[in-house]
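Participant: Structure: target-v9.txt, compact mmCIF, C-alpha atoms and all ligand atoms.
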```txt
# COMPACT_ATOMS: atom_id res chain seq x y z
CA MET A 1 50.51 30.17 -128.71
CA GLU A 2 51.98 26.69 -128.23
CA GLN A 3 51.95 24.50 -131.29
CA GLN A 4 50.04 21.73 -129.46
CA GLU A 5 47.39 24.26 -128.46
CA ILE A 6 46.96 25.33 -132.09
CA LEU A 7 46.70 21.70 -133.23
CA GLU A 8 44.01 20.98 -130.66
CA ARG A 9 41.96 24.08 -131.34
CA THR A 10 41.96 23.52 -135.10
CA SER A 11 41.32 19.77 -134.85
CA ILE A 12 38.21 18.15 -136.25
CA ILE A 13 37.29 16.93 -132.76
CA ASN A 14 37.20 20.47 -131.38
CA VAL A 15 35.24 21.64 -134.42
CA LYS A 16 32.74 18.81 -133.91
CA ASN A 17 32.17 19.95 -130.33
CA LYS A 18 32.03 23.66 -131.12
CA LEU A 19 29.36 22.92 -133.73
CA HIS A 20 27.55 20.47 -131.41
CA LEU A 21 27.58 17.71 -134.02
CA LYS A 22 25.99 14.61 -132.54
CA GLU A 23 28.18 11.50 -132.47
CA THR A 24 26.43 8.32 -133.54
CA PHE A 25 29.28 5.86 -133.73
CA SER A 26 33.06 5.78 -133.50
CA THR A 27 35.86 3.39 -134.43
CA LYS A 28 39.64 3.58 -134.08
CA ASP A 29 40.23 7.08 -135.40
CA THR A 30 36.91 7.78 -137.06
CA ILE A 31 33.84 9.47 -135.60
CA PHE A 32 30.45 9.39 -137.32
CA VAL A 33 28.15 12.35 -136.73
CA LYS A 34 24.88 13.70 -138.06
CA CYS A 35 25.59 15.83 -141.10
CA PRO A 36 24.86 19.55 -140.56
CA PHE A 37 24.39 20.09 -144.31
CA CYS A 38 21.86 17.46 -145.35
CA PHE A 39 20.36 16.98 -141.87
CA SER A 40 20.19 13.23 -142.39
CA ASP A 41 18.96 11.37 -139.31
CA LYS A 42 21.71 8.81 -139.44
CA GLY A 43 25.35 9.52 -138.78
CA THR A 44 26.30 9.88 -142.41
CA MET A 45 29.20 12.24 -141.85
CA LYS A 46 32.55 10.63 -141.20
CA LEU A 47 35.24 12.58 -139.33
CA ASP A 48 38.79 11.33 -139.79
CA THR A 49 40.69 12.44 -136.70
CA THR A 50 44.17 11.77 -138.10
CA GLU A 51 43.55 13.66 -141.36
CA ASN A 52 41.27 16.29 -139.76
CA SER A 53 38.88 15.73 -142.63
CA TYR A 54 35.14 15.15 -143.06
CA THR A 55 33.03 13.42 -145.70
CA CYS A 56 29.27 12.93 -145.81
CA LYS A 57 28.27 9.80 -147.67
CA ASN A 58 24.73 11.11 -148.08
CA CYS A 59 25.25 14.59 -149.59
CA GLY A 60 28.91 14.35 -150.55
CA ALA A 61 30.03 17.38 -148.51
CA ASN A 62 33.73 17.06 -147.75
CA GLY A 63 36.78 19.02 -146.69
CA TYR A 64 38.80 19.74 -143.58
CA ALA A 65 38.18 20.91 -140.02
CA ILE A 66 38.58 24.67 -140.49
CA GLY A 67 36.40 24.63 -143.60
CA LEU A 68 33.71 22.64 -141.80
CA TYR A 69 33.54 25.32 -139.12
CA ALA A 70 33.61 28.13 -141.71
CA ARG A 71 30.84 26.59 -143.81
CA ASN A 72 28.57 26.18 -140.80
CA LYS A 73 29.12 29.74 -139.63
CA TYR A 74 29.02 31.29 -143.12
CA ILE A 75 32.49 32.82 -142.69
CA THR A 76 35.83 32.55 -144.51
CA ASN A 77 38.38 29.90 -143.62
CA HIS A 78 40.71 32.60 -142.39
CA ARG A 79 38.08 34.00 -140.02
CA ALA A 80 37.20 30.47 -138.86
CA TYR A 81 40.86 29.90 -138.02
CA GLU A 82 40.99 33.10 -135.94
CA LEU A 83 37.77 32.27 -134.07
CA LEU A 84 38.79 28.69 -133.34
CA LEU A 85 42.07 29.88 -131.83
CA GLN A 86 40.29 32.32 -129.52
CA GLU A 87 38.66 29.67 -127.33
CA ASP A 88 39.98 26.65 -125.43
CA ALA A 89 39.69 23.35 -127.24
CA ASP A 90 36.97 20.91 -126.23
CA LEU A 91 38.27 17.47 -127.12
CA SER A 92 35.54 15.34 -125.56
CA ASN A 93 34.58 12.38 -127.73
CA ASN A 94 33.87 8.65 -127.63
CA LEU A 95 37.15 7.48 -129.10
CA LYS A 96 39.38 5.32 -126.91
CA THR A 97 42.45 7.41 -127.67
CA SER A 98 42.66 10.73 -129.39
CA ILE A 99 46.10 12.25 -129.25
CA ILE A 100 46.35 15.10 -131.70
CA THR A 101 49.82 15.16 -133.16
CA SER A 102 49.53 15.36 -136.94
CA THR A 103 51.47 18.37 -138.15
CA ARG A 104 51.11 17.73 -141.86
CA LYS A 105 49.14 20.67 -143.20
CA ASN A 106 46.02 20.13 -145.30
CA ASN A 107 45.06 22.42 -148.18
CA GLU A 108 42.91 24.70 -146.04
CA GLU A 109 45.70 25.30 -143.55
CA LEU A 110 48.30 25.78 -146.28
CA ASP A 111 46.04 28.35 -147.96
CA ILE A 112 45.71 30.36 -144.73
CA ILE A 113 49.48 30.34 -144.14
CA TYR A 114 50.49 31.05 -147.75
CA GLN A 115 47.93 33.88 -148.10
CA SER A 116 49.33 35.60 -144.99
CA PHE A 117 52.87 34.89 -146.15
CA LEU A 118 52.35 36.45 -149.60
CA GLU A 119 50.72 39.52 -148.01
CA LYS A 120 54.00 40.16 -146.20
CA LEU A 121 56.16 39.96 -149.35
CA ASP A 122 56.86 42.53 -152.07
CA LEU A 123 57.40 42.23 -155.78
CA LYS A 124 60.76 43.61 -156.89
CA PRO A 125 60.80 46.12 -159.78
CA GLU A 126 62.83 43.75 -161.97
CA HIS A 127 60.22 41.05 -161.46
CA ILE A 128 57.40 43.48 -162.28
CA MET A 129 59.26 44.31 -165.51
CA GLU A 130 59.70 40.64 -166.31
CA LEU A 131 56.02 39.89 -165.75
CA ILE A 132 54.97 42.83 -167.91
CA LYS A 133 57.28 41.55 -170.63
CA TYR A 134 55.59 38.19 -170.17
CA GLY A 135 52.28 39.86 -171.02
CA PHE A 136 50.62 40.45 -167.65
CA SER A 137 49.04 43.81 -166.77
CA MET A 138 49.58 45.37 -163.33
CA GLU A 139 46.04 44.30 -162.45
CA ASP A 140 46.75 40.69 -163.44
CA ILE A 141 49.92 40.75 -161.36
CA GLU A 142 48.00 41.94 -158.27
CA ARG A 143 45.11 39.56 -158.74
CA ILE A 144 47.24 36.46 -159.31
CA GLY A 145 49.53 37.42 -156.43
CA PHE A 146 53.05 37.07 -157.84
CA LYS A 147 55.77 37.98 -155.29
CA SER A 148 59.56 38.04 -154.94
CA ILE A 149 61.49 36.02 -152.39
CA PRO A 150 63.60 38.24 -150.10
CA MET A 151 67.29 37.37 -150.30
CA ASN A 152 68.11 39.02 -146.97
CA GLU A 153 68.14 36.47 -144.16
CA LYS A 154 67.13 38.91 -141.39
CA GLU A 155 64.14 39.95 -143.44
CA ARG A 156 63.08 36.32 -143.90
CA ILE A 157 63.36 35.55 -140.19
CA SER A 158 61.39 38.67 -139.33
CA ILE A 159 58.62 37.63 -141.75
CA CYS A 160 58.48 34.21 -140.06
CA ASN A 161 58.21 35.89 -136.66
CA LYS A 162 55.30 37.99 -137.87
CA LEU A 163 53.52 34.86 -139.11
CA ILE A 164 54.08 33.17 -135.75
CA GLN A 165 52.75 36.27 -133.96
CA ASP A 166 49.59 35.83 -136.05
CA ASN A 167 49.33 32.35 -134.45
CA LEU A 168 50.23 30.56 -137.66
CA ASP A 169 52.03 27.28 -137.04
CA LEU A 170 54.77 26.90 -139.64
CA GLU A 171 55.46 23.26 -138.85
CA GLY A 172 54.49 21.05 -141.80
CA THR A 173 54.45 23.96 -144.27
CA PRO A 174 56.51 23.31 -147.42
CA GLY A 175 59.20 25.96 -147.92
CA PHE A 176 59.64 26.72 -144.21
CA PHE A 177 62.25 25.18 -141.91
CA LYS A 178 64.23 25.83 -138.72
CA ASP A 179 67.80 27.10 -139.02
CA LYS A 180 70.80 26.06 -136.91
CA ARG A 181 69.72 28.42 -134.15
CA PHE A 182 66.18 26.96 -134.22
CA ARG A 183 64.71 30.08 -135.77
CA TRP A 184 62.02 29.69 -138.42
CA ASN A 185 63.20 30.64 -141.88
CA PHE A 186 62.18 29.83 -145.44
CA LYS A 187 63.93 28.80 -148.63
CA ALA A 188 65.49 31.58 -150.67
CA HIS A 189 65.79 31.18 -154.42
CA LYS A 190 66.09 34.17 -156.70
CA GLY A 191 62.88 34.20 -158.62
CA ILE A 192 59.17 34.93 -158.78
CA LEU A 193 56.78 33.12 -156.45
CA VAL A 194 53.83 31.84 -158.43
CA PRO A 195 50.81 30.73 -156.34
CA ALA A 196 49.44 27.37 -157.46
CA LYS A 197 45.70 27.50 -156.84
CA GLU A 198 42.77 25.15 -156.63
CA SER A 199 39.32 26.73 -156.38
CA HIS A 200 40.90 30.06 -155.33
CA ARG A 201 42.87 28.31 -152.61
CA ILE A 202 46.67 28.42 -152.65
CA ILE A 203 47.83 24.81 -152.46
CA GLY A 204 51.50 25.44 -153.17
CA LEU A 205 54.03 27.99 -154.36
CA ARG A 206 56.01 27.53 -157.52
CA ILE A 207 59.21 29.50 -158.10
CA HIS A 208 59.96 30.78 -161.59
CA LEU A 209 63.74 31.08 -161.23
CA ASP A 210 65.72 34.10 -162.42
CA ASN A 211 68.57 31.83 -163.45
CA LEU A 212 68.37 28.19 -164.43
CA TYR A 213 68.93 26.01 -161.37
CA ASP A 214 71.00 23.55 -163.28
CA ALA A 215 71.15 23.20 -167.05
CA ASP A 216 67.50 22.22 -167.29
CA THR A 217 65.46 23.51 -164.38
CA SER A 218 63.56 26.78 -164.80
CA ASP A 219 60.76 26.28 -162.28
CA ILE A 220 60.85 24.55 -158.88
CA TRP A 221 58.53 24.12 -155.90
CA PHE A 222 58.83 26.22 -152.75
CA SER A 223 59.74 23.21 -150.61
CA SER A 224 61.98 22.41 -147.67
CA SER A 225 62.14 18.62 -147.42
CA GLN A 226 65.91 18.49 -146.89
CA GLU A 227 65.86 20.91 -143.97
CA CYS A 228 65.35 20.63 -140.22
CA ASN A 229 61.59 20.69 -139.47
CA GLY A 230 61.04 21.19 -143.19
CA SER A 231 58.34 19.70 -145.40
CA LYS A 232 58.06 18.35 -148.88
CA ILE A 233 55.42 19.72 -151.20
CA LEU A 234 53.14 17.49 -153.25
CA ASN A 235 53.72 17.86 -156.95
CA ASN A 236 50.39 19.62 -157.52
CA ILE A 237 48.59 20.45 -160.72
CA MET A 238 46.29 23.48 -160.67
CA PHE A 239 42.87 24.09 -162.19
CA LEU A 240 41.98 27.56 -163.45
CA TYR A 241 38.26 27.63 -164.16
CA PRO A 242 36.15 29.91 -166.34
CA GLU A 243 35.47 33.11 -164.43
CA GLU A 244 31.83 32.48 -163.56
CA ASN A 245 30.21 29.52 -162.00
CA SER A 246 32.93 26.92 -162.16
CA ILE A 247 30.84 24.21 -160.53
CA ARG A 248 28.03 24.46 -163.03
CA PHE A 249 30.61 24.40 -165.77
CA MET A 250 32.26 21.28 -164.39
CA ASN A 251 28.98 19.39 -164.11
CA ASN A 252 27.26 20.31 -167.33
CA LYS A 253 27.09 17.61 -169.92
CA GLU A 254 28.35 19.70 -172.80
CA LEU A 255 31.55 18.54 -174.43
CA LYS A 256 34.40 20.82 -173.52
CA ASP A 257 37.90 21.52 -174.73
CA ILE A 258 40.53 21.78 -172.03
CA ILE A 259 43.99 23.33 -172.16
CA ILE A 260 46.86 21.77 -170.24
CA VAL A 261 49.85 24.05 -169.83
CA SER A 262 53.37 23.42 -168.59
CA GLU A 263 54.47 25.59 -166.59
CA MET A 264 52.25 27.45 -164.10
CA ILE A 265 53.25 30.98 -165.12
CA LEU A 266 52.39 30.22 -168.75
CA ALA A 267 49.10 28.66 -167.59
CA TYR A 268 48.12 31.99 -165.98
CA LYS A 269 49.00 33.82 -169.19
CA ILE A 270 46.95 31.43 -171.34
CA HIS A 271 44.01 31.67 -168.91
CA LEU A 272 43.88 35.43 -169.58
CA TYR A 273 43.06 34.69 -173.21
CA PHE A 274 41.00 31.54 -172.75
CA ASN A 275 38.86 32.46 -169.77
CA ASN A 276 35.93 30.43 -171.07
CA ASN A 277 37.95 27.23 -170.84
CA ILE A 278 39.35 25.16 -168.03
CA VAL A 279 43.11 25.75 -168.06
CA ILE A 280 45.21 23.28 -166.10
CA GLY A 281 48.69 24.32 -165.01
CA VAL A 282 51.11 21.44 -164.58
CA PRO A 283 54.68 21.38 -163.28
CA ASN A 284 57.18 20.34 -165.93
CA VAL A 285 57.73 17.06 -164.13
CA VAL A 286 54.41 15.56 -163.15
CA SER A 287 53.43 12.13 -161.86
CA LYS A 288 50.84 9.81 -163.32
CA LYS A 289 49.05 9.86 -159.97
CA GLU A 290 48.74 13.65 -159.89
CA LEU A 291 47.49 13.76 -163.49
CA LYS A 292 44.68 11.38 -162.50
CA LYS A 293 43.02 14.45 -160.94
CA LEU A 294 42.15 15.37 -164.54
CA ASN A 295 39.54 12.60 -164.45
CA LYS A 296 37.26 14.87 -162.44
CA ILE A 297 36.63 16.88 -165.60
CA GLN A 298 33.97 14.96 -167.48
CA ASN A 299 32.93 15.14 -171.13
CA VAL A 300 36.27 16.28 -172.47
CA ASN A 301 36.17 16.88 -176.19
CA GLU A 302 39.65 17.99 -177.20
CA VAL A 303 42.79 18.32 -175.11
CA HIS A 304 45.18 21.10 -176.05
CA VAL A 305 48.63 20.78 -174.54
CA VAL A 306 50.80 23.89 -174.46
CA MET A 307 54.44 23.40 -173.48
CA ASP A 308 56.96 26.09 -172.67
CA LYS A 309 60.48 25.96 -174.04
CA HIS A 310 61.87 24.17 -171.05
CA THR A 311 59.23 21.43 -171.15
CA VAL A 312 59.67 20.95 -174.89
CA LEU A 313 63.41 20.51 -174.46
CA HIS A 314 63.52 18.37 -171.35
CA ASN A 315 60.25 16.92 -170.13
CA SER A 316 57.80 16.56 -172.98
CA GLU A 317 58.14 12.78 -173.20
CA SER A 318 57.19 12.05 -169.63
CA LEU A 319 54.33 14.56 -169.66
CA LEU A 320 52.89 13.16 -172.87
CA ALA A 321 53.40 9.52 -171.85
CA ASN A 322 51.35 10.18 -168.72
CA LEU A 323 48.70 12.19 -170.57
CA TYR A 324 48.17 9.48 -173.19
CA LYS A 325 47.25 7.13 -170.36
CA ILE A 326 44.27 9.37 -169.65
CA TYR A 327 43.26 10.66 -173.10
CA PRO A 328 43.45 8.87 -176.47
CA ARG A 329 46.07 10.37 -178.77
CA ARG A 330 43.50 11.46 -181.36
CA LYS A 331 42.01 13.88 -178.84
CA VAL A 332 45.33 15.55 -177.97
CA THR A 333 46.80 18.49 -179.94
CA LEU A 334 50.25 19.89 -179.11
CA HIS A 335 51.26 23.54 -179.13
CA PHE A 336 54.69 25.00 -178.39
CA SER A 337 55.53 28.27 -176.67
CA LEU A 338 59.18 28.82 -177.48
CA LYS A 339 59.59 32.34 -176.10
CA ASP A 340 58.74 33.57 -172.58
CA GLY A 341 55.00 34.09 -172.33
CA GLU A 342 54.38 33.46 -176.02
CA ILE A 343 50.92 32.17 -176.92
CA PRO A 344 51.45 29.71 -179.76
CA GLY A 345 49.85 30.80 -183.03
CA SER A 346 48.15 27.44 -183.44
CA ILE A 347 46.15 27.88 -180.25
CA GLU A 348 45.52 31.58 -180.77
CA LYS A 349 43.53 30.61 -183.83
CA LEU A 350 41.40 28.41 -181.62
CA ASN A 351 40.46 31.42 -179.52
CA ASN A 352 39.24 33.27 -182.61
CA ASP A 353 37.14 30.27 -183.59
CA TYR A 354 35.61 30.30 -180.12
CA ASN A 355 34.73 33.95 -180.32
CA ILE A 356 33.11 33.48 -183.70
CA GLN A 357 31.11 30.51 -182.38
CA GLU A 358 30.00 32.46 -179.36
CA LYS A 359 28.89 35.44 -181.39
CA SER A 360 26.91 33.31 -183.80
CA ALA A 361 25.36 31.24 -181.00
ZN ZN A 401 25.35 15.37 -145.63
```
In structure tokens, write the structure found in this file.
Ligand SMILES: [Zn+2]

Facilitator:
Amino acid sequence: MEQQEILERTSIINVKNKLHLKETFSTKDTIFVKCPFCFSDKGTMKLDTTENSYTCKNCGANGYAIGLYARNKYITNHRAYELLLQEDADLSNNLKTSIITSTRKNNEELDIIYQSFLEKLDLKPEHIMELIKYGFSMEDIERIGFKSIPMNEKERISICNKLIQDNLDLEGTPGFFKDKRFRWNFKAHKGILVPAKESHRIIGLRIHLDNLYDADTSDIWFSSSQECNGSKILNNIMFLYPEENSIRFMNNKELKDIIIVSEMILAYKIHLYFNNNIVIGVPNVVSKKELKKLNKIQNVNEVHVVMDKHTVLHNSESLLANLYKIYPRRKVTLHFSLKDGEIPGSIEKLNNDYNIQEKSA
């Protein structure tokens, strides 16, 4: 399918029409419609046609086009994507101009592409061994979705072709680019692909490198900003929530301890042991702006920061400087993981305390 066709069929304007959402008002690139979730009489839901996003100012529902369709039809985002592509786009609307050109992928689209991508990759035996040494079980490895990047170019191009055959548009997807012969390809670094997730959605892929990139880089993003038709990834942080009922947990008024971990792979390991806490994985270089996402967790009691060896040696200052802008120093406790996958003794003790509290409660 042509890229333009995919863009039109997955656009918020097409979704609006497929769901028969009633337009009440429109401005330059914004359409207001009646919200299908809170059934408010007024046009409280705002559709942003350049971002392909929606927000209802009455009930707070928000997200992107594919998710809006999925939520209305009670289906997964992946299924919504398939269904939307099956029918011609209906782009009728009251805007003066509506040319759909944005190729930057939003989190829903990235999730669909990265999920399909990871399904097509294997995990090499040496990486399985490494992850087991790190402390993950085979079940953990499956569930989290670690994979290896193929080093063979033909294999990479063939994987891209399969994704394109599945009607996935690779334009605007960090990690993918077009080679000199205009074939889609993706970046190859020897290492383990670590999915960075938010609410079970893959928002980016981190690479835990087999060999240090230069003297001080052990983990990098799967990104292709320097390449033809390539894209840069945002420097995401990821939230790993307690197993059950993350939303209730986020909103309850109880004071909670959170654990911030640099890097992602260590964050997954720590989450295995602290699955009653919110664990936040952060890249070893993280911006102040990205860390502001932490503000969505209310009623934070104590902040435990666990740093891997690389972060301790090279990036602890910038991480801490940015964290202290969000939390007062007295709330922050530091822990160091100096060997691969090691859970620092100081925080392990904390886990025991938790278990004792829980049992006595
Ligand atoms: Zn609403």

Participant: Point out the residue among A:Ile6, A:Val300, A:Cys38, A:Val332 with the least atom-to-atom distance to ligand ZN 401 (chain A), counting all atoms listed in the file.

Facilitator: A:Cys38

Participant: Give me the residues within 8 Å of range 241-243 of chain A as a PDB file with C-alpha atoms, in the coordinates of the input, counting all atoms listed in the file and dropping any in the same chain fewer than 6 places off.

Facilitator:
```pdb
ATOM      1  CA  SER A 199      39.320  26.730-156.380  1.00  0.00           C
ATOM      2  CA  PHE A 249      30.610  24.400-165.770  1.00  0.00           C
ATOM      3  CA  ASN A 275      38.860  32.460-169.770  1.00  0.00           C
ATOM      4  CA  ASN A 276      35.930  30.430-171.070  1.00  0.00           C
ATOM      5  CA  ASN A 277      37.950  27.230-170.840  1.00  0.00           C
ATOM      6  CA  ILE A 278      39.350  25.160-168.030  1.00  0.00           C
ATOM      7  CA  VAL A 279      43.110  25.750-168.060  1.00  0.00           C
TER       8      VAL A 279
END
```

Participant: Counting all atoms listed in the file, what are the residues of range 25-114 of chain A within 9 Å of range 167-188 of chain A, and for each of them which pair of atoms is the nearest and at what distance in Å, to one decimal? Sort the table by chain and rising number, as a tab-separated table.

Facilitator:
```
residue	atom	partner	partner_atom	distance
A:Glu82	CA	A:Asn167	CA	8.5
A:Leu85	CA	A:Asn167	CA	8.1
A:Ser102	CA	A:Gly172	CA	9.0
A:Thr103	CA	A:Gly172	CA	5.4
A:Arg104	CA	A:Gly172	CA	4.7
A:Lys105	CA	A:Gly172	CA	5.5
A:Glu109	CA	A:Thr173	CA	8.9
A:Leu110	CA	A:Thr173	CA	6.7
A:Ile112	CA	A:Leu168	CA	8.4
A:Ile113	CA	A:Leu168	CA	6.5
A:Tyr114	CA	A:Thr173	CA	8.8
```

Participant: Got time to write the residues from that selection, C-alpha atoms, as a short mmCIF file (atom, residue, chain, number, x, y, z; two decimals), keeping the file's coordinate frame?

Facilitator:
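Saved file part-v4.cif follows:
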```cif
data_model
loop_
_atom_site.label_atom_id
_atom_site.label_comp_id
_atom_site.auth_asym_id
_atom_site.auth_seq_id
_atom_site.Cartn_x
_atom_site.Cartn_y
_atom_site.Cartn_z
CA GLU A 82 40.99 33.10 -135.94
CA LEU A 85 42.07 29.88 -131.83
CA SER A 102 49.53 15.36 -136.94
CA THR A 103 51.47 18.37 -138.15
CA ARG A 104 51.11 17.73 -141.86
CA LYS A 105 49.14 20.67 -143.20
CA GLU A 109 45.70 25.30 -143.55
CA LEU A 110 48.30 25.78 -146.28
CA ILE A 112 45.71 30.36 -144.73
CA ILE A 113 49.48 30.34 -144.14
CA TYR A 114 50.49 31.05 -147.75
#
```

Participant: Compute the set of protein, DNA and RNA residues whose minimum atom distance to ligand ZN 401 (chain A) is at most 6 Å, using all atoms listed in the file, and state it as a ChimeraX atom specification.

Facilitator: /A:35,37-38,56,58-59,61

Participant: Take the point (41.3, 18.2, -177.7) as written in the file and pick out every residue within 6 Å of it, counting only C-alpha atoms; give the list as a PyMOL selection string.

Facilitator: chain A and resi 257+301-304+331-333

Participant: Keeping only C-alpha atoms, write those residues as a CSV table (one decimal), in the coordinates of the input.

Facilitator:
```csv
chain,number,residue,atom,x,y,z
A,257,ASP,CA,37.9,21.5,-174.7
A,301,ASN,CA,36.2,16.9,-176.2
A,302,GLU,CA,39.6,18.0,-177.2
A,303,VAL,CA,42.8,18.3,-175.1
A,304,HIS,CA,45.2,21.1,-176.0
A,331,LYS,CA,42.0,13.9,-178.8
A,332,VAL,CA,45.3,15.6,-178.0
A,333,THR,CA,46.8,18.5,-179.9
```

Participant: Residues within 9 Å of Asp219 in chain A, please, as a compact mmCIF listing (two decimals) with C-alpha atoms, in the coordinates of the input. Count only C-alpha atoms; anything in the same chain fewer than 2 positions from it doesn't count.

Facilitator:
```
# COMPACT_ATOMS: atom_id res chain seq x y z
CA GLY A 191 62.88 34.20 -158.62
CA ARG A 206 56.01 27.53 -157.52
CA ILE A 207 59.21 29.50 -158.10
CA HIS A 208 59.96 30.78 -161.59
CA LEU A 209 63.74 31.08 -161.23
CA LEU A 212 68.37 28.19 -164.43
CA TYR A 213 68.93 26.01 -161.37
CA THR A 217 65.46 23.51 -164.38
CA TRP A 221 58.53 24.12 -155.90
CA GLU A 263 54.47 25.59 -166.59
CA MET A 264 52.25 27.45 -164.10
CA PRO A 283 54.68 21.38 -163.28
CA ASN A 284 57.18 20.34 -165.93
```

Participant: Using all atoms listed in the file, which residue out of A:Thr30, A:Ser224, A:Thr76, A:Ser346 lies closest to Thr50 in chain A?

Facilitator: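 Closest residue, counting all atoms listed in the file: A:Thr30.
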
Participant: Can you measure CA of Pro195 in chain A to CA of Ile237 in chain A for me? One decimal in Å is fine.

Facilitator: 11.4 Å

Participant: Would you pick out the contacts of range 313-321 of chain A at 8 Å or less, using only C-alpha atoms, so that residues sharing its chain but fewer than 3 positions from it are not included, and give the list as a list in words?

Facilitator: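 My list of contacting residues is Asp216, Asn284, Val285, Val286, Met307, Lys309, His310, Tyr324 and Lys325 of chain A.
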
Participant: Given the choices A:Tyr81, A:Phe136, A:Phe239, A:Phe222, which gets closest to Glu198 in chain A if the distance is worked out from only C-alpha atoms?

Facilitator: A:Phe239

Participant: Can you sort out the box for range 156-171 of chain A, edges along x, y and z, all listed atoms in, 8 Å on every side, with centre and edge lengths in Å to one decimal, as JSON?

Facilitator:
```
{"center_x": 56.3, "center_y": 31.0, "center_z": -138.9, "size_x": 30.0, "size_y": 31.4, "size_z": 25.9}
```

Participant: Tell me, in Å to one decimal, how far CA of Leu83 in chain A is from CA of Lys46 in chain A.

Facilitator: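 One can read the CA of Leu83 in chain A to CA of Lys46 in chain A distance as 23.4 Å.
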